[in-house]
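Remarks on the structure that follows.
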Amino acid sequence: MERWKHFICLSSHLTNNLKMILKQIIVGSMAVCCYIVACEKTKKAAVIDPGGSEEEILAEIEEMGVDVEYIIATHGHPDHVCGNRIIQEATGAKIIMHSADVEFFGKSEVKNYFSMLGLEATPDPDIEVKEGDKIVFGEVELEVLHTPGHTPGGICLYNAPDLITGDTLFVGGLGRTDFPGGSHQDLLDSIHTKLLIMDPETVVWPGHGYGGNRSTIGEEKKSNPFL
């Protein structure tokens, strides 16, 4: 419990004259970076990648005093979605996933393969998104960037200056591509054409803190050895 508390990071800033609150929590057996993003004015919120430690996530939601409308999956791997059911049952939030991952992870052979991880799959998503869609809660908008490579429907979520990258881009690393549905070339194309073109001061919030819990696009362009 104490280890979890030490890994909370907070970003609070004005976006189009509105304050967006972002909290990072390291959760689950695979140390996933889960995010609670909220509109300070309306207290509407989204939970991104609740990969376990559901009681801690729910305690943080209660402490923040927010109303969770959405659970967003940056991709469908079980380590990022295994908490979806419990968080949904507790909050009534709708689950969001890119349409390509809804299709891919709905295949029986894919389900069977990933069941070896011993983690719960997500319930069927309520909402499917695609490139350029906006996920709106309160007065906050997260833009969907489709970044395939780690999975067919992997996404990043952008609200300047914050970029939640899931397992597309880590601090000093990239998502693995040796699982079914992965493509190293697609991943590199996604990063180079969608992410590295952003303002260098864009804050990178990764799906795991393997090399660090946050970075910037500028730092990754300069020092990420895989790019």
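Identifiers for the structure tokens are assigned positionally: chains receive A, B, ... in sequence, residues are indexed from 1 per chain, and ligands are indexed from 1 in the order shown.
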| said: So that I can check the surroundings of Asp167 in chain A, please list as a ChimeraX atom specification every protein, DNA and RNA residue that reaches within 12 Å of it, counting only C-alpha atoms and ignoring chain neighbours fewer than 6 positions away. | reply: /A:32-34,49,73-77,79-80,147-151,153-157,173-177,182,187,190-191,204-210
| query | Mind checking DSSP for range 15-221 of chain A and telling me the strand (DSSP E) residues as an MDAnalysis selection string? | reply | chainID A and resid 15 18:27 32:39 44:48 67:72 94:98 127:129 134:137 140:146 155:159 162:166 169:170 173:174 203:206 215:216
Using only C-alpha atoms, I'd like a table of the residues in range 83-171 of chain A that come within 8 Å of range 64-70 of chain A; for each, show the closest atom pair and its distance in Å rounded to one decimal, ordered by chain and ascending number, as a tab-separated table.
residue	atom	partner	partner_atom	distance
A:Thr91	CA	A:Val68	CA	6.3
A:Gly92	CA	A:Glu69	CA	7.3
A:Ala93	CA	A:Glu69	CA	4.5
A:Lys94	CA	A:Tyr70	CA	4.8
A:Ile95	CA	A:Tyr70	CA	5.8
A:Ile96	CA	A:Tyr70	CA	6.9
A:Phe137	CA	A:Glu69	CA	7.0
Produce a file of the selected residues containing N, CA and C atoms, as a tab-separated table (two decimals), in the first residue's frame.
chain	number	residue	atom	x	y	z
A	91	THR	N	-18.64	2.31	-10.52
A	91	THR	CA	-18.89	3.70	-10.95
A	91	THR	C	-19.99	3.85	-12.00
A	92	GLY	N	-20.31	2.78	-12.70
A	92	GLY	CA	-21.27	2.87	-13.79
A	92	GLY	C	-20.69	3.49	-15.05
A	93	ALA	N	-19.38	3.63	-15.10
A	93	ALA	CA	-18.73	4.28	-16.24
A	93	ALA	C	-18.80	3.40	-17.48
A	94	LYS	N	-18.75	4.04	-18.64
A	94	LYS	CA	-18.74	3.34	-19.92
A	94	LYS	C	-17.29	3.04	-20.32
A	95	ILE	N	-17.06	1.85	-20.87
A	95	ILE	CA	-15.73	1.44	-21.30
A	95	ILE	C	-15.52	1.84	-22.75
A	96	ILE	N	-14.36	2.45	-23.02
A	96	ILE	CA	-14.02	2.94	-24.35
A	96	ILE	C	-12.76	2.23	-24.84
A	137	PHE	N	-15.47	14.86	-21.15
A	137	PHE	CA	-16.10	14.70	-19.83
A	137	PHE	C	-15.96	16.03	-19.12
| task | Pick out the closest residue to Val203 in chain A from this set: A:Ser53, A:Thr42, A:Thr168, A:Asn159. Count only C-alpha atoms. | result |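 Using only C-alpha atoms, the shortest distance to Val203 in chain A belongs to A:Asn159.
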| Those in range 57-209 of chain A with alpha helix (DSSP H) from DSSP, as an MDAnalysis selection string | chainID A and resid 57:64 78:81 84:91 99:105 108:114 184:190
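Atom pair CA of Asp199 in chain A / CA of Ile164 in chain A: separated by 14.4 Å.
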| message | At a cut-off of 9 Å, using only C-alpha atoms, what residues contact range 86-88 of chain A? Leave out same-chain residues fewer than 6 positions from it and give the result as a VMD selection string. | response | chain A and resid 47 50 54 to 55 57 to 58 70 to 71 94 to 95
With C-alpha atoms retained, export the selected residues as a compact mmCIF listing (two decimals), in the first residue's frame.
# COMPACT_ATOMS: atom_id res chain seq x y z
CA VAL A 47 -9.99 6.41 -15.59
CA PRO A 50 -7.04 0.41 -14.53
CA GLU A 54 -8.94 -1.55 -7.95
CA GLU A 55 -9.47 -0.69 -4.27
CA ILE A 57 -8.07 3.40 -7.62
CA LEU A 58 -11.54 3.64 -6.12
CA TYR A 70 -15.51 6.69 -18.75
CA ILE A 71 -12.95 3.92 -18.46
CA LYS A 94 -18.74 3.34 -19.92
CA ILE A 95 -15.73 1.44 -21.30
| Which residues come within 12 Å of Ser215 in chain A, counting only C-alpha atoms, excluding same-chain residues fewer than 2 positions away, as an MDAnalysis selection string? | chainID A and resid 161:165 169:173 200:206 209:213 217:224
Would you save the residues of that selection, restricted to N, CA and C atoms, as an mmCIF file, in the first residue's frame?
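Listed below is the output, out-v4.cif:
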data_model
loop_
_atom_site.group_PDB
_atom_site.id
_atom_site.type_symbol
_atom_site.label_atom_id
_atom_site.label_comp_id
_atom_site.auth_asym_id
_atom_site.auth_seq_id
_atom_site.Cartn_x
_atom_site.Cartn_y
_atom_site.Cartn_z
ATOM 1 N N PRO A 161 -0.769 20.291 -22.456
ATOM 2 C CA PRO A 161 0.478 19.710 -22.959
ATOM 3 C C PRO A 161 0.658 18.236 -22.654
ATOM 4 N N ASP A 162 -0.388 17.523 -22.247
ATOM 5 C CA ASP A 162 -0.249 16.152 -21.771
ATOM 6 C C ASP A 162 -0.577 15.136 -22.857
ATOM 7 N N LEU A 163 0.240 14.086 -22.926
ATOM 8 C CA LEU A 163 0.062 13.003 -23.887
ATOM 9 C C LEU A 163 0.190 11.684 -23.138
ATOM 10 N N ILE A 164 -0.905 10.964 -23.026
ATOM 11 C CA ILE A 164 -0.908 9.655 -22.378
ATOM 12 C C ILE A 164 -0.661 8.623 -23.460
ATOM 13 N N THR A 165 0.472 7.925 -23.374
ATOM 14 C CA THR A 165 0.946 7.124 -24.499
ATOM 15 C C THR A 165 0.713 5.628 -24.376
ATOM 16 N N LEU A 169 4.761 4.415 -26.351
ATOM 17 C CA LEU A 169 6.046 5.061 -26.074
ATOM 18 C C LEU A 169 6.278 5.098 -24.573
ATOM 19 N N PHE A 170 7.441 4.606 -24.154
ATOM 20 C CA PHE A 170 7.866 4.681 -22.765
ATOM 21 C C PHE A 170 8.958 5.736 -22.630
ATOM 22 N N VAL A 171 9.369 5.977 -21.405
ATOM 23 C CA VAL A 171 10.527 6.840 -21.167
ATOM 24 C C VAL A 171 11.772 6.028 -21.524
ATOM 25 N N GLY A 172 12.417 6.386 -22.620
ATOM 26 C CA GLY A 172 13.598 5.663 -23.063
ATOM 27 C C GLY A 172 13.322 4.311 -23.677
ATOM 28 N N GLY A 173 12.092 4.049 -24.074
ATOM 29 C CA GLY A 173 11.758 2.751 -24.644
ATOM 30 C C GLY A 173 10.505 2.779 -25.488
ATOM 31 N N PRO A 200 7.992 19.915 -28.557
ATOM 32 C CA PRO A 200 8.962 19.219 -27.704
ATOM 33 C C PRO A 200 8.619 19.252 -26.223
ATOM 34 N N GLU A 201 7.840 20.258 -25.792
ATOM 35 C CA GLU A 201 7.480 20.350 -24.376
ATOM 36 C C GLU A 201 6.280 19.484 -24.003
ATOM 37 N N THR A 202 5.704 18.784 -24.968
ATOM 38 C CA THR A 202 4.601 17.880 -24.669
ATOM 39 C C THR A 202 5.032 16.856 -23.624
ATOM 40 N N VAL A 203 4.231 16.698 -22.587
ATOM 41 C CA VAL A 203 4.571 15.783 -21.486
ATOM 42 C C VAL A 203 4.115 14.372 -21.832
ATOM 43 N N VAL A 204 5.035 13.430 -21.787
ATOM 44 C CA VAL A 204 4.754 12.026 -22.073
ATOM 45 C C VAL A 204 4.445 11.297 -20.767
ATOM 46 N N TRP A 205 3.237 10.731 -20.703
ATOM 47 C CA TRP A 205 2.814 9.915 -19.560
ATOM 48 C C TRP A 205 2.672 8.478 -20.055
ATOM 49 N N PRO A 206 3.624 7.589 -19.736
ATOM 50 C CA PRO A 206 3.658 6.260 -20.341
ATOM 51 C C PRO A 206 2.749 5.243 -19.662
ATOM 52 N N GLY A 209 6.253 2.560 -16.081
ATOM 53 C CA GLY A 209 7.337 3.455 -15.726
ATOM 54 C C GLY A 209 8.699 2.795 -15.814
ATOM 55 N N TYR A 210 8.909 1.976 -16.834
ATOM 56 C CA TYR A 210 10.153 1.217 -16.913
ATOM 57 C C TYR A 210 11.390 2.107 -16.862
ATOM 58 N N GLY A 211 11.394 3.197 -17.610
ATOM 59 C CA GLY A 211 12.549 4.091 -17.639
ATOM 60 C C GLY A 211 12.320 5.378 -16.884
ATOM 61 N N GLY A 212 11.149 5.512 -16.287
ATOM 62 C CA GLY A 212 10.755 6.732 -15.592
ATOM 63 C C GLY A 212 9.269 6.935 -15.758
ATOM 64 N N ASN A 213 8.670 7.704 -14.867
ATOM 65 C CA ASN A 213 7.216 7.849 -14.855
ATOM 66 C C ASN A 213 6.693 8.947 -15.761
ATOM 67 N N ILE A 217 8.332 14.924 -25.159
ATOM 68 C CA ILE A 217 8.631 14.535 -26.538
ATOM 69 C C ILE A 217 10.049 14.961 -26.902
ATOM 70 N N GLY A 218 10.454 16.140 -26.479
ATOM 71 C CA GLY A 218 11.805 16.608 -26.764
ATOM 72 C C GLY A 218 12.870 15.700 -26.183
ATOM 73 N N GLU A 219 12.673 15.254 -24.954
ATOM 74 C CA GLU A 219 13.642 14.358 -24.326
ATOM 75 C C GLU A 219 13.701 13.020 -25.049
ATOM 76 N N GLU A 220 12.559 12.510 -25.447
ATOM 77 C CA GLU A 220 12.545 11.227 -26.140
ATOM 78 C C GLU A 220 13.210 11.325 -27.510
ATOM 79 N N LYS A 221 13.013 12.428 -28.205
ATOM 80 C CA LYS A 221 13.672 12.606 -29.494
ATOM 81 C C LYS A 221 15.186 12.640 -29.344
ATOM 82 N N LYS A 222 15.649 13.216 -28.233
ATOM 83 C CA LYS A 222 17.088 13.343 -28.028
ATOM 84 C C LYS A 222 17.736 12.066 -27.499
ATOM 85 N N SER A 223 17.046 11.358 -26.604
ATOM 86 C CA SER A 223 17.745 10.327 -25.837
ATOM 87 C C SER A 223 17.176 8.931 -25.915
ATOM 88 N N ASN A 224 15.993 8.733 -26.529
ATOM 89 C CA ASN A 224 15.425 7.391 -26.586
ATOM 90 C C ASN A 224 16.218 6.555 -27.603
#
| field | Nearest to Leu227 in chain A by atom-to-atom distance, counting only C-alpha atoms, from A:Met198, A:Leu119, A:Cys39, A:Leu188 | value |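 With only C-alpha atoms as the atom set, the closest residue is A:Leu188.
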